[in-house]
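Enquirer: Next up, work.cif (mmCIF, C-alpha atoms).
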data_final
#
loop_
_atom_site.label_atom_id
_atom_site.label_comp_id
_atom_site.auth_asym_id
_atom_site.auth_seq_id
_atom_site.Cartn_x
_atom_site.Cartn_y
_atom_site.Cartn_z
CA MET A 1 -16.68 75.70 38.84
CA ILE A 2 -13.00 75.77 39.63
CA GLN A 3 -11.35 72.79 38.01
CA GLY A 4 -8.11 70.88 38.45
CA ASP A 5 -5.13 71.26 40.70
CA ASN A 6 -2.20 70.44 38.48
CA SER A 7 -0.58 73.78 39.11
CA VAL A 8 -0.16 73.06 42.79
CA VAL A 9 3.31 73.98 43.97
CA GLY A 10 4.63 71.16 46.16
CA ILE A 11 8.04 70.55 47.66
CA SER A 12 8.01 67.03 46.29
CA ALA A 13 7.97 68.33 42.71
CA ALA A 14 11.77 68.31 42.71
CA PRO A 15 13.68 65.68 40.68
CA ASP A 16 13.86 62.41 42.58
CA LEU A 17 17.49 62.41 43.69
CA ASP A 18 16.56 59.97 46.44
CA ALA A 19 15.76 57.32 43.85
CA GLN A 20 19.22 57.83 42.40
CA LEU A 21 20.72 57.40 45.86
CA MET A 22 18.71 54.21 46.29
CA LEU A 23 20.04 52.93 42.96
CA ARG A 24 23.53 53.46 44.33
CA VAL A 25 22.55 51.51 47.43
CA LYS A 26 21.46 48.77 45.05
CA GLU A 27 24.99 48.78 43.62
CA GLY A 28 26.40 48.25 47.11
CA ASP A 29 27.02 51.85 48.21
CA ASP A 30 26.16 51.90 51.92
CA GLU A 31 27.10 55.57 52.17
CA SER A 32 24.08 56.44 50.03
CA PHE A 33 21.91 54.45 52.42
CA ARG A 34 23.36 56.47 55.30
CA LEU A 35 22.38 59.68 53.48
CA LEU A 36 18.83 58.44 52.96
CA LEU A 37 18.66 57.36 56.58
CA GLU A 38 19.81 60.78 57.80
CA LYS A 39 17.34 62.54 55.55
CA TYR A 40 14.27 60.44 56.31
CA ARG A 41 14.87 59.06 59.80
CA ASN A 42 12.98 61.80 61.62
CA PRO A 43 10.14 62.16 59.08
CA VAL A 44 9.51 58.40 59.23
CA ILE A 45 9.69 58.28 63.05
CA HIS A 46 7.44 61.32 63.37
CA PHE A 47 4.93 59.89 60.90
CA ALA A 48 4.90 56.57 62.76
CA TYR A 49 4.64 58.36 66.10
CA ARG A 50 1.69 60.44 64.99
CA MET A 51 0.05 57.28 63.66
CA VAL A 52 0.51 55.06 66.72
CA GLN A 53 1.19 57.70 69.42
CA ASP A 54 3.79 55.58 71.18
CA ARG A 55 7.45 56.55 71.04
CA ALA A 56 8.97 53.09 71.48
CA ILE A 57 6.64 51.52 68.94
CA SER A 58 7.19 54.32 66.44
CA GLU A 59 10.98 53.82 66.62
CA GLU A 60 10.53 50.09 66.24
CA LEU A 61 8.33 50.64 63.18
CA ALA A 62 10.84 53.10 61.73
CA GLN A 63 13.64 50.56 62.23
CA GLU A 64 11.58 47.99 60.38
CA VAL A 65 10.93 50.48 57.55
CA PHE A 66 14.64 51.13 56.98
CA LEU A 67 15.48 47.48 57.43
CA ARG A 68 13.02 46.63 54.66
CA VAL A 69 14.40 49.37 52.45
CA TYR A 70 17.90 47.97 52.88
CA ARG A 71 16.76 44.39 52.43
CA SER A 72 14.91 45.26 49.23
CA ARG A 73 17.83 47.17 47.71
CA GLN A 74 18.76 44.46 45.22
CA THR A 75 15.28 44.32 43.74
CA TYR A 76 14.66 48.07 43.91
CA GLU A 77 13.31 49.68 40.75
CA PRO A 78 12.52 53.41 40.67
CA THR A 79 8.99 52.93 39.38
CA ALA A 80 7.68 55.51 41.85
CA ARG A 81 9.14 58.33 43.90
CA PHE A 82 11.44 57.09 46.64
CA THR A 83 9.33 58.84 49.28
CA THR A 84 6.19 57.18 47.92
CA TRP A 85 7.83 53.79 48.35
CA LEU A 86 9.24 54.70 51.75
CA PHE A 87 5.95 56.00 53.13
CA ARG A 88 4.04 53.12 51.61
CA ILE A 89 6.16 50.77 53.71
CA ALA A 90 5.76 53.01 56.78
CA THR A 91 2.01 53.32 56.29
CA HIS A 92 1.50 49.59 55.81
CA LEU A 93 3.50 48.80 58.94
CA ALA A 94 1.66 51.40 61.00
CA LEU A 95 -1.77 50.37 59.74
CA ASN A 96 -0.95 46.70 60.36
CA TRP A 97 0.25 47.48 63.87
CA LEU A 98 -2.92 49.43 64.59
CA ARG A 99 -5.10 46.71 63.11
CA ASP A 100 -3.35 43.80 64.86
CA GLY A 101 -3.00 45.40 68.24
CA ARG A 102 -6.07 47.51 68.69
CA LYS A 103 -8.26 44.76 70.13
CA GLU A 104 -5.65 43.73 72.67
CA ARG A 105 -4.43 47.13 73.71
CA GLY A 106 -7.52 49.23 73.44
CA GLN A 107 -6.52 52.82 73.77
CA GLN A 108 -4.31 52.20 76.78
CA ARG A 109 -1.06 53.28 75.19
CA LEU A 110 -2.61 56.40 73.74
CA ASP A 111 -3.47 57.46 77.25
CA ASP A 112 -0.30 56.27 78.93
CA ASP A 113 2.44 57.41 76.62
CA ARG A 114 3.44 61.00 77.10
CA ASP A 115 7.13 60.86 76.28
CA GLY A 116 6.89 61.49 72.56
CA GLU A 117 6.61 65.24 72.57
CA MET A 118 9.10 67.98 73.15
CA PRO A 119 10.75 67.80 76.55
CA ALA A 120 9.38 70.14 79.19
CA ARG A 121 12.61 72.15 79.20
CA GLU A 122 12.24 73.05 75.53
CA VAL A 123 8.62 74.00 76.10
CA ALA A 124 9.69 76.17 79.01
CA ASP A 125 12.27 77.88 76.83
CA ARG A 126 9.59 78.92 74.41
CA LEU A 127 6.81 79.64 76.85
CA PRO A 128 7.66 82.08 79.58
CA SER A 129 5.12 81.18 82.20
CA MET A 130 3.78 78.10 83.96
CA GLU A 131 0.29 79.01 82.85
CA GLN A 132 1.28 79.11 79.20
CA ARG A 133 3.08 75.80 79.59
CA MET A 134 -0.07 74.24 80.97
CA VAL A 135 -2.11 75.73 78.16
CA TYR A 136 0.38 74.24 75.72
CA GLN A 137 0.06 70.76 77.28
CA VAL A 138 -3.74 70.90 77.21
CA ARG A 139 -3.70 72.10 73.62
CA LEU A 140 -1.27 69.36 72.65
CA GLN A 141 -3.39 66.69 74.27
CA GLU A 142 -6.46 67.88 72.43
CA VAL A 143 -4.60 67.76 69.12
CA ARG A 144 -3.39 64.23 69.89
CA ASP A 145 -6.87 63.10 70.80
CA ALA A 146 -8.41 64.70 67.72
CA ILE A 147 -5.89 62.94 65.47
CA ALA A 148 -6.24 59.64 67.34
CA LEU A 149 -10.01 59.69 66.85
CA LEU A 150 -9.68 59.85 63.06
CA PRO A 151 -10.10 56.55 61.21
CA ASP A 152 -6.67 55.08 60.37
CA LYS A 153 -6.67 55.90 56.66
CA GLN A 154 -7.93 59.44 57.21
CA ARG A 155 -5.22 59.90 59.83
CA ALA A 156 -2.51 58.65 57.46
CA ALA A 157 -3.80 60.94 54.70
CA VAL A 158 -3.81 64.01 56.97
CA LEU A 159 -0.34 63.29 58.32
CA MET A 160 1.12 62.91 54.85
CA HIS A 161 -0.72 66.00 53.59
CA LYS A 162 -0.06 68.26 56.55
CA TYR A 163 3.34 67.22 57.85
CA GLU A 164 5.02 65.67 54.81
CA GLU A 165 3.41 68.13 52.38
CA MET A 166 2.75 65.39 49.87
CA GLU A 167 0.64 65.93 46.77
CA TYR A 168 -2.69 64.17 46.38
CA ALA A 169 -1.36 61.85 43.69
CA GLN A 170 1.50 60.77 45.91
CA ILE A 171 -0.75 60.15 48.91
CA ALA A 172 -3.02 58.14 46.60
CA SER A 173 -0.06 56.10 45.49
CA VAL A 174 1.02 55.46 49.09
CA LEU A 175 -2.48 54.47 50.17
CA GLU A 176 -3.08 52.60 46.92
CA CYS A 177 -6.32 54.36 46.15
CA SER A 178 -7.53 56.98 43.69
CA GLU A 179 -6.75 60.69 43.94
CA SER A 180 -10.43 61.48 44.38
CA ALA A 181 -10.57 58.97 47.25
CA VAL A 182 -7.69 60.84 48.91
CA LYS A 183 -9.49 64.16 48.49
CA SER A 184 -12.56 62.61 50.02
CA LEU A 185 -10.52 61.22 52.95
CA LEU A 186 -8.97 64.63 53.55
CA PHE A 187 -12.28 66.43 53.25
CA ARG A 188 -13.85 64.23 55.92
CA ALA A 189 -10.76 64.24 58.12
CA TYR A 190 -10.36 68.04 58.16
CA GLU A 191 -14.08 68.41 58.67
CA SER A 192 -13.80 66.27 61.81
CA LEU A 193 -10.70 68.13 62.98
CA ARG A 194 -12.35 71.51 62.50
CA ALA A 195 -15.32 70.32 64.54
CA ARG A 196 -13.19 68.79 67.32
CA LEU A 197 -10.72 71.64 67.54
CA ALA A 198 -13.20 74.45 66.96
CA HIS A 199 -13.19 75.46 70.63
CA MET A 200 -9.43 75.98 70.44
CA VAL A 201 -9.72 78.26 67.44
CA THR A 202 -10.09 81.87 68.49
CA GLY A 203 -11.17 84.87 66.52
CA VAL A 204 -13.17 82.96 63.93
CA GLU A 205 -16.53 84.41 63.12
CA ARG A 206 -18.97 82.37 61.16
CA MET B 1 -23.49 84.19 44.18
CA ASN B 2 -22.87 80.54 43.23
CA CYS B 3 -20.03 79.28 45.38
CA PRO B 4 -17.84 76.66 43.66
CA PHE B 5 -17.12 75.11 47.07
CA ARG B 6 -20.76 74.30 47.58
CA SER B 7 -21.00 71.89 44.68
CA GLU B 8 -21.88 68.20 44.80
CA ASP B 9 -18.24 67.22 44.63
CA ALA B 10 -17.30 69.24 47.69
CA SER B 11 -14.18 67.21 48.49
CA SER B 12 -12.60 68.00 45.14
CA ASP B 13 -13.23 71.72 45.53
CA PHE B 14 -12.19 71.62 49.15
CA SER B 15 -8.76 70.32 48.08
CA LEU B 16 -8.28 73.53 46.09
CA LEU B 17 -9.18 75.54 49.15
CA LEU B 18 -6.70 73.46 51.17
CA ASP B 19 -3.93 74.21 48.69
CA TYR B 20 -4.88 77.87 48.75
CA THR B 21 -4.79 77.99 52.54
CA ALA B 22 -1.44 76.19 52.59
CA GLY B 23 0.02 78.57 50.00
CA ARG B 24 0.61 75.72 47.57
CA LEU B 25 -1.16 77.33 44.60
CA ASP B 26 0.45 79.34 41.83
CA SER B 27 -0.04 83.11 41.77
CA GLN B 28 -2.80 83.02 39.14
CA ARG B 29 -5.00 80.65 41.12
CA THR B 30 -4.19 82.38 44.36
CA ALA B 31 -5.37 85.69 42.91
CA MET B 32 -8.54 84.04 41.64
CA LEU B 33 -9.30 82.62 45.09
CA ASP B 34 -8.41 85.92 46.75
CA ARG B 35 -11.14 87.54 44.70
CA HIS B 36 -13.53 84.74 45.57
CA MET B 37 -12.84 85.10 49.29
CA ASP B 38 -13.71 88.81 49.10
CA ASN B 39 -17.19 87.90 47.90
CA CYS B 40 -17.94 84.63 49.75
CA ALA B 41 -18.24 84.87 53.52
CA ASP B 42 -18.64 81.10 53.95
CA CYS B 43 -15.41 80.29 52.12
CA ALA B 44 -13.58 83.07 53.92
CA ALA B 45 -14.68 81.63 57.27
CA LEU B 46 -13.75 78.11 56.18
CA ARG B 47 -10.34 79.35 55.13
CA VAL B 48 -9.74 80.96 58.53
CA GLU B 49 -10.93 77.83 60.36
CA GLN B 50 -8.75 75.55 58.26
CA ALA B 51 -5.71 77.76 58.77
CA ALA B 52 -6.37 77.71 62.50
CA VAL B 53 -6.60 73.90 62.50
CA TRP B 54 -3.24 73.74 60.75
CA ASP B 55 -1.73 76.16 63.26
CA THR B 56 -3.04 73.90 66.01
CA LEU B 57 -1.55 70.83 64.36
CA ASP B 58 1.77 72.63 64.13
CA ALA B 59 1.88 72.64 67.93
CA TRP B 60 2.47 68.89 67.86
CA GLU B 61 6.21 68.44 67.56
CA PRO B 62 7.45 64.92 68.25
CA MET B 63 10.92 64.47 69.67
CA PRO B 64 13.82 63.56 67.39
CA ALA B 65 15.03 59.98 67.14
CA SER B 66 16.89 58.26 69.96
CA ILE B 67 20.64 58.80 69.92
CA ASP B 68 21.31 55.12 69.27
CA PHE B 69 18.71 54.71 66.52
CA ASN B 70 21.31 54.38 63.74
CA ARG B 71 23.54 52.07 65.80
CA ARG B 72 20.64 49.72 66.50
CA LEU B 73 19.62 49.76 62.86
CA TRP B 74 23.12 48.90 61.61
CA GLN B 75 23.32 46.16 64.22
CA ARG B 76 20.12 44.66 62.87
CA ILE B 77 21.37 45.03 59.30
CA GLY B 78 24.61 43.27 60.29
CA ALA B 79 22.68 40.44 61.93
CA MET B 80 20.43 40.17 58.90
CA GLU B 81 23.36 40.06 56.47
CA SER B 82 25.17 37.35 58.45
CA ALA B 83 22.06 35.20 58.90
CA PRO B 84 22.03 31.77 57.17
CA TRP B 85 20.60 31.72 53.66
CA TYR B 86 17.45 29.86 54.69
CA GLU B 87 16.60 32.49 57.30
CA ARG B 88 17.10 35.25 54.75
CA LEU B 89 14.96 33.33 52.27
CA ALA B 90 12.24 32.87 54.88
CA GLU B 91 12.38 36.56 55.66
CA SER B 92 12.16 37.61 52.02
CA MET B 93 9.23 35.24 51.57
CA ARG B 94 7.58 36.85 54.56
CA MET B 95 8.21 40.27 53.06
CA ALA B 96 6.94 39.21 49.66
CA HIS B 97 3.44 38.88 51.04
CA TRP B 98 3.39 35.07 51.02
CA LYS B 99 0.82 35.03 53.77
CA PRO B 100 -2.08 34.42 51.35
CA ALA B 101 -0.17 31.51 49.76
CA PHE B 102 0.43 29.95 53.18
CA THR B 103 -3.23 30.41 54.03
CA LEU B 104 -4.25 28.78 50.77
CA ALA B 105 -1.83 25.89 51.30
CA GLY B 106 -3.14 25.43 54.85
CA ALA B 107 -6.72 25.41 53.66
CA THR B 108 -5.86 22.86 50.95
CA LEU B 109 -4.17 20.61 53.53
CA ILE B 110 -7.19 20.80 55.84
CA ILE B 111 -9.56 19.96 52.98
CA ALA B 112 -7.32 17.05 51.90
CA ALA B 113 -7.09 15.75 55.48
CA GLY B 114 -10.85 16.02 55.87
CA PHE B 115 -11.35 14.15 52.61
CA MET B 116 -9.01 11.35 53.66
CA LEU B 117 -10.67 11.02 57.05
CA ASP B 118 -14.01 10.89 55.36
CA HIS B 119 -12.83 8.12 52.99
CA PRO B 120 -10.50 5.83 54.96
CA GLY B 121 -8.54 3.23 52.98
CA GLY B 122 -8.23 5.53 50.06
CA ARG B 123 -11.34 4.18 48.33
CA VAL B 124 -13.19 6.68 46.25
CA PRO B 125 -16.91 6.05 46.34
CA VAL B 126 -18.45 5.32 43.01
CA THR B 127 -21.78 6.91 42.51
CA GLY B 128 -22.89 5.18 39.37
CA GLY B 129 -21.38 3.56 36.30
CA SER B 130 -19.56 0.23 36.37
CA SER B 131 -17.76 -0.96 39.50
CA THR B 132 -14.46 -1.20 37.60
CA ALA B 133 -14.43 2.57 37.24
CA GLY B 134 -13.53 2.96 40.91
CA VAL B 135 -9.98 1.60 40.93
CA SER B 136 -8.70 2.22 44.45
CA VAL B 137 -5.23 3.03 45.61
CA THR B 138 -5.05 -0.40 47.30
CA GLU B 139 -5.78 -2.17 44.03
CA ALA B 140 -3.06 -0.23 42.28
CA GLU B 141 -0.61 -1.23 45.00
CA GLN B 142 -1.64 -4.87 44.61
CA VAL B 143 -1.04 -4.78 40.85
CA GLU B 144 2.36 -3.21 41.43
CA GLN B 145 3.24 -5.89 44.01
CA THR B 146 2.18 -8.67 41.60
CA LEU B 147 4.36 -7.23 38.83
CA GLU B 148 7.33 -7.13 41.19
CA ASP B 149 6.66 -10.76 42.22
CA LEU B 150 6.55 -11.82 38.57
CA GLN B 151 9.83 -10.04 37.91
CA LEU B 152 11.41 -11.83 40.89
CA LEU B 153 10.13 -15.19 39.63
CA HIS B 154 11.55 -14.44 36.20
CA GLN B 155 14.95 -13.60 37.73
CA PHE B 156 14.76 -16.79 39.85
CA ASP B 157 13.98 -18.89 36.73
CA SER B 158 16.90 -17.38 34.86
CA ALA B 159 19.25 -18.05 37.74
CA THR B 160 18.04 -21.68 38.00
CA ALA B 161 18.55 -22.18 34.27
CA ASP B 162 22.09 -20.79 34.51
CA VAL B 163 22.92 -23.18 37.38
CA SER B 164 21.59 -26.23 35.38
CA ASN B 165 23.64 -25.24 32.32
CA VAL B 166 26.79 -25.02 34.42
CA SER B 167 26.03 -28.44 35.99
CA LYS B 168 25.55 -30.03 32.55
CA GLN B 169 28.84 -28.60 31.28
CA MET B 170 30.65 -30.06 34.32
#
Rewrite the coordinates I just gave you, this time as structure tokens.

Expert:
Amino acid sequence: MIQGDNSVVGISAAPDLDAQLMLRVKEGDDESFRLLLEKYRNPVIHFAYRMVQDRAISEELAQEVFLRVYRSRQTYEPTARFTTWLFRIATHLALNWLRDGRKERGQQRLDDDRDGEMPAREVADRLPSMEQRMVYQVRLQEVRDAIALLPDKQRAAVLMHKYEEMEYAQIASVLECSESAVKSLLFRAYESLRARLAHMVTGVER
Amino acid sequence: MNCPFRSEDASSDFSLLLDYTAGRLDSQRTAMLDRHMDNCADCAALRVEQAAVWDTLDAWEPMPASIDFNRRLWQRIGAMESAPWYERLAESMRMAHWKPAFTLAGATLIIAAGFMLDHPGGRVPVTGGSSTAGVSVTEAEQVEQTLEDLQLLHQFDSATADVSNVSKQM
């Protein structure tokens, strides 16, 4: 049996300079807040977008995240990594939005909103032909659908693991559950994704 | 051979495979899994599938933030900072997860209102024991009123006595 994973090399293993910046914000240094905003604006928006799949809502959620960070500056204590705290706020807001609005909205927005991805011009720059562009759009839609079909917590876990490259312990801290629960969430989520995206995967022989 | 990824705790072992596929393991563990992959067709296939899923997920690139994102945020921060103290207090209470407290307070009020409607006049029913045990709110108010009346009478008596003394002296 292969045991343990404490030798995992993660990008978040670096010293938490962000927490130090946040402590400066606590002392009234708005410039440090600007630095944090520049660094984490896109990751937070992208995380929120992938959670709710609506550009306007994801920006609104991201605004609320940073507003809460700023508002909480005076009581901030670096008891956890800054990113853990930041993504805990983002995750709670996104999960609450999904929970509160799902009954009313259904999946309407997921089907309607198509403005959150790369603009067509950028796609065209990378893909030389119309056919490849269409393939890209179909592929993208399938990825979106596969992610959207995951239960909310599984989706949050996958997004933090895949796109934010967070460690299991950090994801557990964000989701306020155990590390083994996170591993279980990821196991089931990737299992579902492999099944749903299997037809897009070429050259795999089982 | 016995595959470690086919154990009861598959999710725990799968996480190691995930880290391996993502290149997040140290060289020693990577080499160990490399050797395992050479001998386990199932794990090798799973590794390829997982890598392909990640490649597929990489295709999803959201757009960057709106140009005026920061401006809007600082506007909201400015508005928040200049808001009256009671609004800021209300907001921090909202942020501090006071919802359960409000719910509890609301439930208490409803129960209290229901209790009062059920027992109009403030009388508490006595289900046994002597009748004097059930002193009602009305009775307490009557006692208070009587004490006030007595105090007034006492003041009136004193004032009358003062007036008679003055008359006698004149």

Enquirer: Could you check which of B:Ala45, B:Ile111, B:Ala31, B:Leu117 is closest to chain A, using only C-alpha atoms?

Expert: B:Ala45

Enquirer: Once the PyMOL selection byres ((chain B) within 7 of (chain A)) has been evaluated on this model, what residues remain selected, and can you format them as a VMD selection string?

Expert: chain B and resid 4 11 to 12 14 to 16 24 to 26 45 48 to 50 52 to 53 57 59 to 65 73 77

Enquirer: Stretch 77-83 of chain B, all listed atoms, 5 Å padding on each side: what axis-aligned box centre and edge lengths in Å to one decimal come out, as AutoDock Vina command-line options?

Expert:
--center_x 22.8 --center_y 40.1 --center_z 59.2 --size_x 14.7 --size_y 19.8 --size_z 15.5

Enquirer: Figure out the distance between atom CA of A:Asp16 and atom CA of A:Ala172, please, to one decimal in Å.

Expert: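 So the answer is 17.9 Å.
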
Enquirer: Between atom CA of A:Leu23 and atom CA of A:Met51, what is the distance in Å, rounded to a tenth?

Expert: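 Distance reported for this atom pair: 29.1 Å.
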
Enquirer: For a test of reading the model, state the distance in Å between atom CA of A:Ile89 and atom CA of A:Asp152, rounded to one decimal.

Expert: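 Taking atom CA of A:Ile89 as the start and atom CA of A:Asp152 as the end point, the length is 15.1 Å.
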
Enquirer: Using only C-alpha atoms, find the one residue out of A:Leu150, A:Asp54, A:Ala157, A:Val174 that sits nearest to A:Ala90.

Expert: A:Val174

Enquirer: Taking into account all atoms listed in the file, which residue in the set B:Asn70, B:Met116, B:Ser82, B:Ala51 is nearest to A:Phe33?

Expert: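 Looking at the shortest contact to A:Phe33, the residue is B:Asn70.
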